[in-house]
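Structure file start-v9.cif (mmCIF, C-alpha atoms (C1' of nucleotides)) follows.
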```
data_start
#
loop_
_atom_site.label_atom_id
_atom_site.label_comp_id
_atom_site.auth_asym_id
_atom_site.auth_seq_id
_atom_site.Cartn_x
_atom_site.Cartn_y
_atom_site.Cartn_z
CA MET A 1074 -60.11 39.88 -74.01
CA TYR A 1075 -58.07 41.88 -76.46
CA GLU A 1076 -57.54 38.69 -78.49
CA LEU A 1077 -57.77 40.35 -81.89
CA PHE A 1078 -55.70 43.33 -80.77
CA PHE A 1079 -52.78 41.13 -79.81
CA GLN A 1080 -53.23 38.90 -82.81
CA LYS A 1081 -52.82 41.91 -85.10
CA PHE A 1082 -49.98 43.26 -82.98
CA GLN A 1083 -48.06 39.98 -83.15
CA GLU A 1084 -48.51 39.77 -86.92
CA LYS A 1085 -46.27 42.82 -87.05
CA VAL A 1086 -44.18 42.49 -83.87
CA PRO A 1087 -43.92 39.24 -81.83
CA LEU A 1088 -44.25 39.57 -78.05
CA THR A 1089 -43.36 37.40 -75.07
CA ASP A 1090 -46.13 36.67 -72.58
CA GLU A 1091 -44.65 39.17 -70.14
CA GLU A 1092 -44.52 41.88 -72.76
CA GLN A 1093 -48.11 41.19 -73.64
CA GLU A 1094 -49.17 41.47 -70.02
CA GLN A 1095 -47.21 44.68 -69.63
CA ILE A 1096 -48.96 46.24 -72.61
CA LYS A 1097 -52.34 44.89 -71.59
CA ALA A 1098 -52.13 46.92 -68.40
CA TYR A 1099 -52.27 50.10 -70.48
CA LEU A 1100 -55.33 49.20 -72.53
CA THR A 1101 -58.90 50.26 -71.83
CA PRO A 1102 -61.94 48.35 -73.10
CA LYS A 1103 -64.95 50.29 -74.32
CA LYS A 1104 -68.32 49.38 -75.77
CA LEU A 1105 -70.20 51.60 -78.15
CA ARG A 1106 -73.82 51.33 -79.23
CA LYS A 1107 -74.86 51.86 -82.83
CA ARG A 1108 -75.01 55.63 -83.63
CA GLN A 1109 -72.99 56.53 -80.54
CA TYR A 1110 -70.08 58.90 -80.98
CA LEU A 1111 -66.53 57.99 -80.08
CA LEU A 1112 -65.38 61.47 -81.08
CA GLN A 1113 -67.10 64.67 -82.13
CA GLU A 1114 -65.63 67.51 -84.14
CA GLY A 1115 -64.33 70.19 -81.79
CA GLU A 1116 -63.46 67.80 -78.95
CA VAL A 1117 -59.91 66.63 -78.37
CA CYS A 1118 -59.32 63.05 -79.46
CA LYS A 1119 -58.33 61.22 -76.30
CA ALA A 1120 -57.53 57.76 -77.64
CA ILE A 1121 -56.57 55.52 -80.51
CA ALA A 1122 -59.30 52.90 -80.93
CA PHE A 1123 -58.82 49.34 -82.09
CA VAL A 1124 -61.98 47.55 -83.20
CA GLU A 1125 -62.47 44.09 -81.66
CA ARG A 1126 -66.06 43.82 -82.89
CA GLY A 1127 -68.46 46.01 -84.85
CA ALA A 1128 -68.05 48.82 -87.34
CA LEU A 1129 -67.24 52.52 -87.08
CA ARG A 1130 -66.76 55.40 -89.47
CA GLU A 1131 -64.70 58.59 -89.38
CA TYR A 1132 -66.08 61.57 -91.28
CA SER A 1133 -66.01 65.31 -91.68
CA VAL A 1134 -69.02 67.56 -92.15
CA ASP A 1135 -69.04 70.39 -94.64
CA ASN A 1136 -72.18 72.50 -95.17
CA GLY A 1137 -74.26 69.76 -93.65
CA SER A 1138 -72.97 67.04 -95.94
CA GLU A 1139 -70.83 64.21 -94.59
CA HIS A 1140 -67.63 62.94 -96.15
CA ILE A 1141 -66.37 59.60 -94.92
CA LEU A 1142 -62.61 59.44 -94.52
CA GLN A 1143 -62.44 55.92 -93.19
CA PHE A 1144 -64.38 52.86 -92.16
CA ALA A 1145 -63.11 50.58 -89.42
CA ILE A 1146 -64.28 47.03 -88.80
CA GLU A 1147 -62.80 44.17 -86.77
CA GLY A 1148 -59.02 44.36 -86.68
CA TRP A 1149 -58.77 47.98 -87.81
CA THR A 1150 -57.58 51.00 -85.90
CA ILE A 1151 -59.27 54.39 -85.97
CA SER A 1152 -58.54 57.81 -84.52
CA ASP A 1153 -58.16 61.48 -85.36
CA LEU A 1154 -54.37 61.20 -85.15
CA PHE A 1155 -53.71 64.90 -85.54
CA SER A 1156 -55.95 65.81 -82.63
CA PHE A 1157 -54.68 62.88 -80.58
CA LEU A 1158 -51.04 63.82 -81.01
CA THR A 1159 -51.28 67.60 -80.78
CA GLY A 1160 -54.20 68.07 -78.38
CA GLU A 1161 -55.86 70.40 -80.90
CA GLN A 1162 -59.58 70.23 -81.66
CA ALA A 1163 -60.65 67.31 -83.79
CA THR A 1164 -61.85 68.04 -87.32
CA TYR A 1165 -63.40 64.61 -87.73
CA ASN A 1166 -66.28 62.74 -86.14
CA ILE A 1167 -66.14 59.06 -85.30
CA ASP A 1168 -69.27 57.04 -84.58
CA ALA A 1169 -70.50 53.48 -84.53
CA LEU A 1170 -72.32 51.97 -87.53
CA GLU A 1171 -72.96 48.82 -85.49
CA ASP A 1172 -72.66 48.01 -81.80
CA ALA A 1173 -68.93 47.78 -81.21
CA GLU A 1174 -66.28 46.63 -78.77
CA LEU A 1175 -63.14 48.69 -78.78
CA VAL A 1176 -59.69 48.62 -77.23
CA LEU A 1177 -58.58 52.14 -76.39
CA ILE A 1178 -55.02 53.39 -76.09
CA THR A 1179 -55.31 56.68 -74.26
CA LYS A 1180 -52.85 59.51 -74.73
CA GLY A 1181 -51.17 58.74 -71.39
CA ALA A 1182 -50.91 55.04 -72.22
CA HIS A 1183 -49.48 55.86 -75.63
CA GLU A 1184 -46.76 58.05 -74.15
CA GLU A 1185 -45.83 55.57 -71.46
CA LEU A 1186 -45.70 52.68 -73.89
CA LEU A 1187 -43.46 54.65 -76.24
CA LYS A 1188 -41.06 55.23 -73.36
CA LYS A 1189 -41.13 51.79 -71.81
CA GLN A 1190 -41.73 49.32 -74.61
CA PRO A 1191 -39.68 49.67 -77.81
CA LYS A 1192 -41.86 47.05 -79.48
CA TYR A 1193 -44.83 49.35 -79.09
CA GLU A 1194 -43.02 52.04 -81.01
CA THR A 1195 -42.16 49.54 -83.72
CA TYR A 1196 -45.77 48.41 -83.90
CA MET A 1197 -46.98 51.99 -84.21
CA ARG A 1198 -44.43 52.72 -86.91
CA LEU A 1199 -45.50 49.71 -88.95
CA LEU A 1200 -49.19 50.37 -88.36
CA ILE A 1201 -48.96 53.93 -89.62
CA THR A 1202 -46.71 52.96 -92.49
CA GLY A 1203 -49.31 50.47 -93.68
CA ALA A 1204 -52.08 53.03 -93.31
CA TYR A 1205 -50.02 55.57 -95.23
CA ILE A 1206 -49.40 53.21 -98.14
CA ALA A 1207 -53.09 52.30 -98.29
CA LEU A 1208 -54.04 55.97 -98.27
CA GLN A 1209 -51.60 56.76 -101.09
CA ARG A 1210 -53.27 54.10 -103.18
CA ARG A 1211 -56.71 55.39 -102.44
CA LEU A 1212 -55.68 58.90 -103.38
CA THR A 1213 -54.05 57.66 -106.57
CA SER A 1214 -57.21 55.85 -107.58
CA ASN A 1215 -59.24 58.94 -106.70
CA ILE A 1216 -57.29 61.22 -109.00
CA SER A 1217 -56.76 58.61 -111.73
CA LEU A 1218 -59.82 56.46 -112.18
CA PRO A 1219 -63.44 57.06 -113.17
CA VAL A 1220 -66.02 56.48 -110.46
CA GLU A 1221 -67.10 53.09 -111.79
CA GLU A 1222 -63.61 51.63 -111.57
CA ARG A 1223 -63.11 53.09 -108.12
CA TYR A 1224 -66.31 51.43 -107.00
CA THR A 1225 -65.29 48.09 -108.47
CA SER A 1226 -61.92 48.13 -106.80
CA PHE A 1227 -63.51 49.16 -103.52
CA THR A 1228 -65.92 46.22 -103.54
CA GLU A 1229 -63.10 43.87 -104.51
CA MET A 1230 -60.72 45.21 -101.88
CA TYR A 1231 -63.28 45.43 -99.06
CA PRO A 1232 -66.18 43.08 -99.87
CA ASP A 1233 -67.04 42.80 -96.17
CA ILE A 1234 -67.41 46.57 -95.77
CA ALA A 1235 -69.35 46.85 -99.01
CA GLN A 1236 -71.91 44.45 -97.59
CA ARG A 1237 -72.22 45.81 -94.08
CA VAL A 1238 -72.44 49.49 -94.85
CA PRO A 1239 -75.28 51.44 -96.54
CA GLN A 1240 -74.59 52.39 -100.14
CA HIS A 1241 -74.86 56.10 -99.59
CA MET A 1242 -71.93 55.85 -97.17
CA ILE A 1243 -69.84 54.13 -99.77
CA ALA A 1244 -70.72 56.97 -102.13
CA SER A 1245 -69.63 59.42 -99.47
CA PHE A 1246 -66.37 57.50 -99.00
CA MET A 1247 -65.78 57.69 -102.74
CA GLY A 1248 -66.60 61.37 -102.93
CA VAL A 1249 -69.75 61.14 -105.07
CA LYS A 1250 -73.47 61.62 -104.40
CA PRO A 1251 -75.65 58.61 -103.55
CA GLU A 1252 -77.70 59.12 -106.75
CA THR A 1253 -74.55 58.92 -108.82
CA LEU A 1254 -73.44 55.66 -107.25
CA SER A 1255 -76.92 54.24 -107.68
CA ARG A 1256 -76.84 55.08 -111.41
CA ILE A 1257 -73.40 53.61 -111.85
CA ARG A 1258 -74.50 50.38 -110.23
CA LYS A 1259 -77.50 50.27 -112.54
CA LYS A 1260 -75.32 50.78 -115.59
CA MET A 1261 -73.01 47.98 -114.44
CA ALA A 1262 -75.95 45.64 -113.86
CA ASP A 1263 -77.52 46.48 -117.25
CA ARG A 1264 -74.33 45.52 -119.06
CA LYS A 1265 -74.60 41.94 -117.81
CA MET B 1258 -23.16 68.38 -96.35
CA TYR B 1259 -26.48 66.92 -95.25
CA GLU B 1260 -27.16 70.16 -93.38
CA LEU B 1261 -30.84 70.31 -94.20
CA PHE B 1262 -31.30 66.59 -93.58
CA PHE B 1263 -30.01 66.87 -90.04
CA GLN B 1264 -31.79 70.12 -89.44
CA LYS B 1265 -35.11 68.45 -90.24
CA PHE B 1266 -34.13 65.35 -88.28
CA GLN B 1267 -33.30 67.37 -85.19
CA GLU B 1268 -36.55 69.29 -85.40
CA LYS B 1269 -38.21 65.97 -84.63
CA VAL B 1270 -35.51 64.11 -82.67
CA PRO B 1271 -32.43 65.81 -81.14
CA LEU B 1272 -29.08 64.08 -81.68
CA THR B 1273 -25.66 64.28 -80.05
CA ASP B 1274 -22.71 64.92 -82.34
CA GLU B 1275 -21.67 61.28 -82.10
CA GLU B 1276 -25.13 60.09 -83.04
CA GLN B 1277 -25.13 62.43 -85.99
CA GLU B 1278 -21.78 61.10 -87.17
CA GLN B 1279 -22.98 57.54 -86.76
CA ILE B 1280 -26.03 58.17 -88.89
CA LYS B 1281 -24.08 60.18 -91.44
CA ALA B 1282 -22.00 57.09 -92.20
CA TYR B 1283 -25.12 55.41 -93.58
CA LEU B 1284 -26.18 58.19 -95.92
CA THR B 1285 -25.43 58.43 -99.63
CA PRO B 1286 -25.36 61.70 -101.56
CA LYS B 1287 -26.79 61.79 -105.06
CA LYS B 1288 -27.25 64.46 -107.69
CA LEU B 1289 -30.01 64.35 -110.25
CA ARG B 1290 -30.33 66.45 -113.39
CA LYS B 1291 -33.67 67.87 -114.45
CA ARG B 1292 -35.82 65.18 -116.14
CA GLN B 1293 -33.68 62.37 -114.79
CA TYR B 1294 -35.46 59.46 -113.10
CA LEU B 1295 -34.80 58.46 -109.53
CA LEU B 1296 -37.23 55.58 -109.91
CA GLN B 1297 -39.20 54.06 -112.77
CA GLU B 1298 -42.36 52.00 -112.57
CA GLY B 1299 -41.44 48.31 -112.57
CA GLU B 1300 -38.07 48.75 -110.88
CA VAL B 1301 -37.60 48.08 -107.19
CA CYS B 1302 -37.27 51.25 -105.12
CA LYS B 1303 -33.85 51.05 -103.55
CA ALA B 1304 -33.82 54.14 -101.34
CA ILE B 1305 -35.70 56.80 -99.45
CA ALA B 1306 -34.66 60.19 -100.84
CA PHE B 1307 -34.40 63.40 -98.86
CA VAL B 1308 -34.23 66.58 -100.96
CA GLU B 1309 -31.39 68.97 -100.02
CA ARG B 1310 -31.89 71.09 -103.11
CA GLY B 1311 -34.14 71.06 -106.17
CA ALA B 1312 -37.58 69.61 -106.88
CA LEU B 1313 -38.92 66.15 -107.70
CA ARG B 1314 -42.28 64.61 -108.39
CA GLU B 1315 -43.77 61.16 -107.85
CA TYR B 1316 -46.45 60.05 -110.29
CA SER B 1317 -48.28 57.12 -111.78
CA VAL B 1318 -49.12 56.62 -115.43
CA ASP B 1319 -52.51 55.35 -116.55
CA ASN B 1320 -53.37 55.04 -120.28
CA GLY B 1321 -50.59 57.47 -121.08
CA SER B 1322 -51.78 60.16 -118.71
CA GLU B 1323 -49.77 61.10 -115.64
CA HIS B 1324 -51.17 61.55 -112.15
CA ILE B 1325 -48.95 63.28 -109.64
CA LEU B 1326 -49.09 61.77 -106.17
CA GLN B 1327 -46.53 64.04 -104.57
CA PHE B 1328 -44.10 66.88 -105.09
CA ALA B 1329 -40.89 67.12 -103.06
CA ILE B 1330 -38.77 70.24 -102.69
CA GLU B 1331 -36.01 71.17 -100.20
CA GLY B 1332 -36.58 69.50 -96.85
CA TRP B 1333 -39.06 66.91 -98.09
CA THR B 1334 -38.69 63.15 -98.32
CA ILE B 1335 -39.84 61.06 -101.25
CA SER B 1336 -39.96 57.35 -102.07
CA ASP B 1337 -42.20 54.53 -103.24
CA LEU B 1338 -42.47 53.21 -99.69
CA PHE B 1339 -44.37 50.08 -100.61
CA SER B 1340 -41.75 49.00 -103.11
CA PHE B 1341 -38.93 50.05 -100.80
CA LEU B 1342 -40.23 48.04 -97.86
CA THR B 1343 -41.46 44.94 -99.67
CA GLY B 1344 -39.03 44.69 -102.59
CA GLU B 1345 -41.99 44.47 -104.99
CA GLN B 1346 -42.05 46.37 -108.27
CA ALA B 1347 -42.69 50.08 -107.97
CA THR B 1348 -46.01 51.40 -109.25
CA TYR B 1349 -44.82 55.00 -109.23
CA ASN B 1350 -42.21 57.00 -111.13
CA ILE B 1351 -40.03 59.61 -109.48
CA ASP B 1352 -38.12 62.18 -111.50
CA ALA B 1353 -36.49 65.57 -111.15
CA LEU B 1354 -38.36 68.76 -112.06
CA GLU B 1355 -35.18 70.75 -111.40
CA ASP B 1356 -31.55 69.77 -110.91
CA ALA B 1357 -31.47 68.27 -107.44
CA GLU B 1358 -29.19 67.15 -104.62
CA LEU B 1359 -30.47 64.24 -102.61
CA VAL B 1360 -29.57 62.32 -99.50
CA LEU B 1361 -30.34 58.64 -99.98
CA ILE B 1362 -31.11 56.11 -97.28
CA THR B 1363 -30.68 52.75 -98.97
CA LYS B 1364 -32.57 49.67 -97.89
CA GLY B 1365 -29.48 48.27 -96.15
CA ALA B 1366 -28.82 51.53 -94.35
CA HIS B 1367 -32.47 51.73 -93.28
CA GLU B 1368 -32.39 48.26 -91.77
CA GLU B 1369 -29.10 48.80 -89.97
CA LEU B 1370 -30.22 52.13 -88.59
CA LEU B 1371 -33.44 50.64 -87.30
CA LYS B 1372 -31.42 48.03 -85.44
CA LYS B 1373 -28.66 50.24 -84.11
CA GLN B 1374 -30.14 53.66 -83.55
CA PRO B 1375 -33.49 53.92 -81.75
CA LYS B 1376 -33.66 57.60 -82.58
CA TYR B 1377 -33.75 56.72 -86.24
CA GLU B 1378 -36.82 54.61 -85.68
CA THR B 1379 -38.44 57.46 -83.78
CA TYR B 1380 -37.62 59.86 -86.58
CA MET B 1381 -39.12 57.51 -89.16
CA ARG B 1382 -42.24 57.05 -87.08
CA LEU B 1383 -42.75 60.79 -86.73
CA LEU B 1384 -41.94 61.43 -90.38
CA ILE B 1385 -44.51 58.95 -91.61
CA THR B 1386 -47.08 60.07 -89.08
CA GLY B 1387 -46.80 63.63 -90.38
CA ALA B 1388 -47.04 62.44 -93.97
CA TYR B 1389 -50.09 60.35 -93.10
CA ILE B 1390 -51.90 63.25 -91.47
CA ALA B 1391 -51.13 65.50 -94.44
CA LEU B 1392 -52.41 62.86 -96.83
CA GLN B 1393 -55.63 62.43 -94.87
CA ARG B 1394 -56.25 66.13 -95.20
CA ARG B 1395 -55.57 66.11 -98.89
CA LEU B 1396 -57.97 63.23 -99.40
CA THR B 1397 -60.62 64.94 -97.30
CA SER B 1398 -60.34 68.08 -99.39
CA ASN B 1399 -60.44 65.97 -102.54
CA ILE B 1400 -63.72 64.30 -101.67
CA SER B 1401 -65.27 67.36 -100.00
CA LEU B 1402 -64.37 70.53 -101.86
CA PRO B 1403 -64.97 71.90 -105.37
CA VAL B 1404 -61.89 72.24 -107.55
CA GLU B 1405 -61.61 75.98 -107.06
CA GLU B 1406 -61.35 75.72 -103.29
CA ARG B 1407 -58.87 72.89 -103.57
CA TYR B 1408 -56.72 75.04 -105.81
CA THR B 1409 -56.90 77.98 -103.43
CA SER B 1410 -55.91 75.92 -100.44
CA PHE B 1411 -53.10 74.33 -102.43
CA THR B 1412 -51.59 77.68 -103.37
CA GLU B 1413 -51.98 78.91 -99.79
CA MET B 1414 -50.47 75.78 -98.29
CA TYR B 1415 -47.61 75.43 -100.78
CA PRO B 1416 -46.99 78.83 -102.40
CA ASP B 1417 -43.40 77.84 -103.20
CA ILE B 1418 -44.46 74.73 -105.11
CA ALA B 1419 -47.23 76.61 -106.89
CA GLN B 1420 -44.61 79.00 -108.26
CA ARG B 1421 -41.93 76.53 -109.22
CA VAL B 1422 -44.03 73.91 -110.92
CA PRO B 1423 -45.91 74.12 -114.25
CA GLN B 1424 -49.65 74.58 -113.93
CA HIS B 1425 -50.55 71.40 -115.73
CA MET B 1426 -48.69 69.47 -113.04
CA ILE B 1427 -50.69 71.17 -110.34
CA ALA B 1428 -53.82 70.18 -112.27
CA SER B 1429 -52.51 66.61 -112.37
CA PHE B 1430 -51.84 66.72 -108.63
CA MET B 1431 -55.40 67.90 -108.05
CA GLY B 1432 -56.90 65.29 -110.33
CA VAL B 1433 -58.26 67.61 -113.04
CA LYS B 1434 -57.27 68.39 -116.63
CA PRO B 1435 -55.01 71.37 -117.38
CA GLU B 1436 -57.79 73.07 -119.35
CA THR B 1437 -60.08 72.85 -116.35
CA LEU B 1438 -57.53 74.44 -114.03
CA SER B 1439 -56.86 77.15 -116.58
CA ARG B 1440 -60.57 77.99 -116.76
CA ILE B 1441 -60.91 78.03 -112.99
CA ARG B 1442 -58.02 80.45 -112.70
CA LYS B 1443 -59.61 82.67 -115.31
CA LYS B 1444 -62.90 82.66 -113.46
CA MET B 1445 -61.12 83.58 -110.22
CA ALA B 1446 -59.25 86.41 -111.95
CA ASP B 1447 -62.43 87.74 -113.62
CA ARG B 1448 -64.15 88.04 -110.28
CA LYS B 1449 -61.58 90.58 -109.09
"C1'" DA C 1340 -29.89 83.66 -132.28
"C1'" DC C 1341 -32.45 79.91 -134.11
"C1'" DG C 1342 -35.61 76.38 -134.35
"C1'" DT C 1343 -37.97 73.26 -131.27
"C1'" DT C 1344 -40.50 71.88 -127.51
"C1'" DT C 1345 -43.36 72.90 -123.70
"C1'" DC C 1346 -47.04 75.59 -121.71
"C1'" DA C 1347 -51.18 78.07 -121.08
"C1'" DT C 1348 -55.37 79.68 -123.04
"C1'" DT C 1349 -59.64 79.51 -125.61
"C1'" DG C 1350 -63.71 77.70 -128.26
"C1'" DA C 1351 -67.16 74.23 -129.49
"C1'" DC C 1352 -69.04 70.20 -128.12
"C1'" DA C 1353 -69.56 65.65 -125.37
"C1'" DA C 1354 -69.63 63.20 -121.20
"C1'" DT C 1355 -70.13 62.98 -116.40
"C1'" DA C 1356 -71.85 64.28 -111.96
"C1'" DG C 1357 -74.90 67.16 -109.09
"C1'" DT C 1358 -79.60 68.95 -107.74
"C1'" DC C 1359 -84.27 68.61 -106.67
"C1'" DA C 1360 -88.29 66.05 -106.22
"C1'" DA C 1361 -91.03 61.96 -106.09
"C1'" DG C 1362 -91.98 57.23 -104.99
"C1'" DA C 1363 -91.28 52.40 -103.53
"C1'" DG C 1364 -89.43 49.04 -100.40
"C1'" DT C 1365 -87.47 47.84 -95.61
"C1'" DG C 1366 -87.36 47.53 -91.13
"C1'" DT C 1367 -88.34 49.47 -86.51
"C1'" DT C 1368 -91.10 51.40 -83.00
"C1'" DT C 1369 -95.16 52.00 -80.60
"C1'" DA D 1085 -101.43 47.31 -87.74
"C1'" DA D 1086 -100.15 51.95 -88.41
"C1'" DA D 1087 -96.69 55.45 -88.37
"C1'" DC D 1088 -92.13 56.56 -89.01
"C1'" DA D 1089 -87.45 56.75 -90.48
"C1'" DC D 1090 -84.15 55.21 -93.60
"C1'" DT D 1091 -82.48 53.67 -97.94
"C1'" DC D 1092 -82.35 53.19 -102.70
"C1'" DT D 1093 -83.98 54.28 -107.22
"C1'" DT D 1094 -85.56 57.13 -111.04
"C1'" DG D 1095 -86.69 61.30 -113.89
"C1'" DA D 1096 -85.95 65.92 -115.52
"C1'" DC D 1097 -82.88 69.42 -115.54
"C1'" DT D 1098 -78.42 72.05 -114.43
"C1'" DA D 1099 -73.62 72.50 -113.61
"C1'" DT D 1100 -69.16 70.94 -113.99
"C1'" DT D 1101 -65.48 68.70 -116.19
"C1'" DG D 1102 -63.39 66.35 -120.17
"C1'" DT D 1103 -62.13 66.07 -125.17
"C1'" DC D 1104 -60.30 67.75 -129.30
"C1'" DA D 1105 -58.27 71.25 -131.89
"C1'" DA D 1106 -56.01 75.60 -132.66
"C1'" DT D 1107 -53.21 79.50 -131.26
"C1'" DG D 1108 -49.68 82.38 -129.25
"C1'" DA D 1109 -46.12 82.91 -125.79
"C1'" DA D 1110 -42.38 81.43 -123.19
"C1'" DA D 1111 -38.48 78.44 -122.19
"C1'" DC D 1112 -34.84 75.38 -123.80
"C1'" DG D 1113 -31.11 73.36 -126.18
"C1'" DT D 1114 -27.50 73.71 -129.46
#
```
Could you render the structure from this file as structure tokens?
Amino acid sequence: MYELFFQKFQEKVPLTDEEQEQIKAYLTPKKLRKRQYLLQEGEVCKAIAFVERGALREYSVDNGSEHILQFAIEGWTISDLFSFLTGEQATYNIDALEDAELVLITKGAHEELLKKQPKYETYMRLLITGAYIALQRRLTSNISLPVEERYTSFTEMYPDIAQRVPQHMIASFMGVKPETLSRIRKKMADRK
Amino acid sequence: MYELFFQKFQEKVPLTDEEQEQIKAYLTPKKLRKRQYLLQEGEVCKAIAFVERGALREYSVDNGSEHILQFAIEGWTISDLFSFLTGEQATYNIDALEDAELVLITKGAHEELLKKQPKYETYMRLLITGAYIALQRRLTSNISLPVEERYTSFTEMYPDIAQRVPQHMIASFMGVKPETLSRIRKKMADRK
DNA sequence: ACGTTTCATTGACAATAGTCAAGAGTGTTT
DNA sequence: AAACACTCTTGACTATTGTCAATGAAACGT
């Protein structure tokens, strides 16, 4: 249990067996069925979730239309960090696209681990730094590139997600309508 | 010297006088004239820069057109983090929009401080976490909202930047052409 | 104070993306 | 097997944004 979680952890920060056991004591397993919510807008986000198996999405809703901020498959971490850290209401929803097994770090666990295990703080710092750099790149491509090129680089960067997730969600992730993405794919196919 | 740097630091992590002196020893002051580069695409980013005075921008260039990823005025931190951390070539440019005074944390200083001063690591973690949350919000508004609403929330969120920076750079930051922003502003003005 | 560059605005037109509606194909449930 | 929900595609039309070019105003450097 928690194999993938500790594999990813140790890629960033190596741990002794004792340290691993110590951290393990703070983790909570959770299973989620397809379509089940992990978090709904308006609630307070009570945990950071690491995905051991399955696929989730994080999205906001605006006039009834959904905008996907993030996907998370095996090995990824997902949360509404702002709500988690401040205790304010969440502005995002998180739900399961496939049946999923998660490792939760609750708020209490997070605070204790920060106090007691310096390597946890280092891991968190590196995790967020990586997420920040990835997000900068995504934003850069969003303001710089035409939709077609954004789609191409998405499928190249995340071929696994592109296959597992419905197209209209990829459109939503990219910030365009499903019809638009469909037409772009057609144009790309016609050129070949 | 470094007043604002330590003010911002202590807002996140309080320091004793000795700790402050210890950290101060690792910092490097730097002045930049308007239009001068702090970093050019292709170089390796050698420092994280904190702005004591003045204004900078970070941007990428794509077919001759510039796309602004970030502004940084007094109290903000700016860097090509990916290049800084990995030693790879920078993909962004950073230059001064106004004469500026900076506090630099060089790569060597960063590594030493991480080893010797746990509060520095905590500060970095909190700094990047805040930047990450802000970036998530910006991306959400980019994929969710029409240009006009993005412009309004930009001017409300950063009225100081909106005043100090040329309009075409705000357009670039938002991912639209200067003509488009100009027309949107006209439409907003006409409605009143 | 001068000439030069940078900026913002506007117009005419082209390209791109959104909207609304219909239909076909899948897979699931009962 | 029939009914249903979900997904993707396509067409016709609208709205938004980009492109190119010109102009006037402001800011800048010397």
Q) Leaving out B:Ala1306 and any residue of its chain fewer than 6 positions from it, which residues lie within 8 Å of it when counting all atoms listed in the file, given as an NGL selection string? A) :B and (1334-1336 or 1359-1362)
Q: Provide as JSON, numbers by chain the residues of chain A at most 10 Å from chain D, counting only C-alpha atoms (C1' of nucleotides).
A: {"A": [1239, 1240, 1241, 1251, 1252, 1255, 1256, 1259]}
Considering all atoms listed in the file, give me a table of residues in chain B that are at most 8 Å from chain A, with the closest atom pair and distance in Å for each, as CSV.
```
residue,atom,partner,partner_atom,distance
B:Ser1317,CA,A:Thr1213,CA,7.8
B:Asp1319,CA,A:Ser1217,CA,7.2
B:His1324,CA,A:Ser1217,CA,6.3
B:Leu1326,CA,A:Thr1213,CA,6.5
B:Leu1338,CA,A:Ile1206,CA,7.1
B:Phe1339,CA,A:Ile1206,CA,6.4
B:Glu1378,CA,A:Thr1195,CA,7.6
B:Thr1379,CA,A:Glu1194,CA,7.6
B:Met1381,CA,A:Arg1198,CA,7.5
B:Arg1382,CA,A:Arg1198,CA,4.9
B:Ile1385,CA,A:Thr1202,CA,6.4
B:Thr1386,CA,A:Ile1201,CA,6.4
B:Ala1388,CA,A:Tyr1205,CA,7.6
B:Tyr1389,CA,A:Tyr1205,CA,5.2
B:Ile1390,CA,A:Phe1155,CA,6.4
B:Leu1392,CA,A:Leu1208,CA,7.2
B:Gln1393,CA,A:Leu1208,CA,7.5
B:Leu1396,CA,A:Leu1212,CA,6.3
B:Thr1397,CA,A:Leu1142,CA,6.5
B:Asn1399,CA,A:Gly1248,CA,7.7
B:Ile1400,CA,A:Gly1248,CA,4.3
B:Ser1401,CA,A:His1140,CA,6.3
B:Ser1429,CA,A:Ile1216,CA,8.0
B:Phe1430,CA,A:Ile1216,CA,7.8
B:Met1431,CA,A:Ile1216,CA,7.0
B:Gly1432,CA,A:Ile1216,CA,4.3
B:Val1433,CA,A:Ile1216,CA,7.6
```
Given all atoms listed in the file, how would the per-residue table for chain C near chain B read, listing every residue at most 8 Å away with its closest atom pair and distance in Å to one decimal, sorted by chain and number, as JSON lines?
```
{"residue": "C:DC1346", "atom": "C1'", "partner": "B:Pro1423", "partner_atom": "CA", "distance": 7.7}
{"residue": "C:DA1347", "atom": "C1'", "partner": "B:Ser1439", "partner_atom": "CA", "distance": 7.3}
{"residue": "C:DT1348", "atom": "C1'", "partner": "B:Ser1439", "partner_atom": "CA", "distance": 7.1}
```
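Interatomic distance, atom CA of B:Lys1287 against atom CA of B:Gly1365: 16.4 Å.
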Q. Which polymer residues, protein or nucleic acid, are no farther than 12 Å from (-65.3, 52.5, -76.9), counting all atoms listed in the file, as a PyMOL selection string?
A. chain A and resi 1100-1107+1109-1112+1119-1129+1150-1152+1167-1169+1172-1179
Q: Run through the PyMOL selection byres ((chain B and resi 1409) around 12) on the given coordinates and return the selected residues as a ChimeraX atom specification.
A: /B:1398,1402-1408,1410-1416,1419,1427,1431,1438,1441-1442,1445
(Q) As an exercise, work out the distance from atom CA of B:Ala1428 to atom CA of A:Lys1250 in Å and give it to one decimal place. (A) 22.8 Å
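Between atom CA of B:Asn1350 and atom CA of B:Gln1297 the interatomic distance comes to 4.5 Å.
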**Q.** Selection result of the PyMOL selection byres ((chain C and resi 1356) around 7) on this file, as a ChimeraX atom specification
**A.** /A:1253 /C:1355,1357
Using the selection just defined, write its residues with C-alpha atoms (C1' of nucleotides) as a PDB file, keeping the file's coordinate frame.
```pdb
ATOM      1  CA  THR A1253     -74.550  58.920-108.820  1.00  0.00           C
TER       2      THR A1253
ATOM      3  C1'  DT C1355     -70.130  62.980-116.400  1.00  0.00           C
ATOM      4  C1'  DG C1357     -74.900  67.160-109.090  1.00  0.00           C
TER       5       DG C1357
END
```
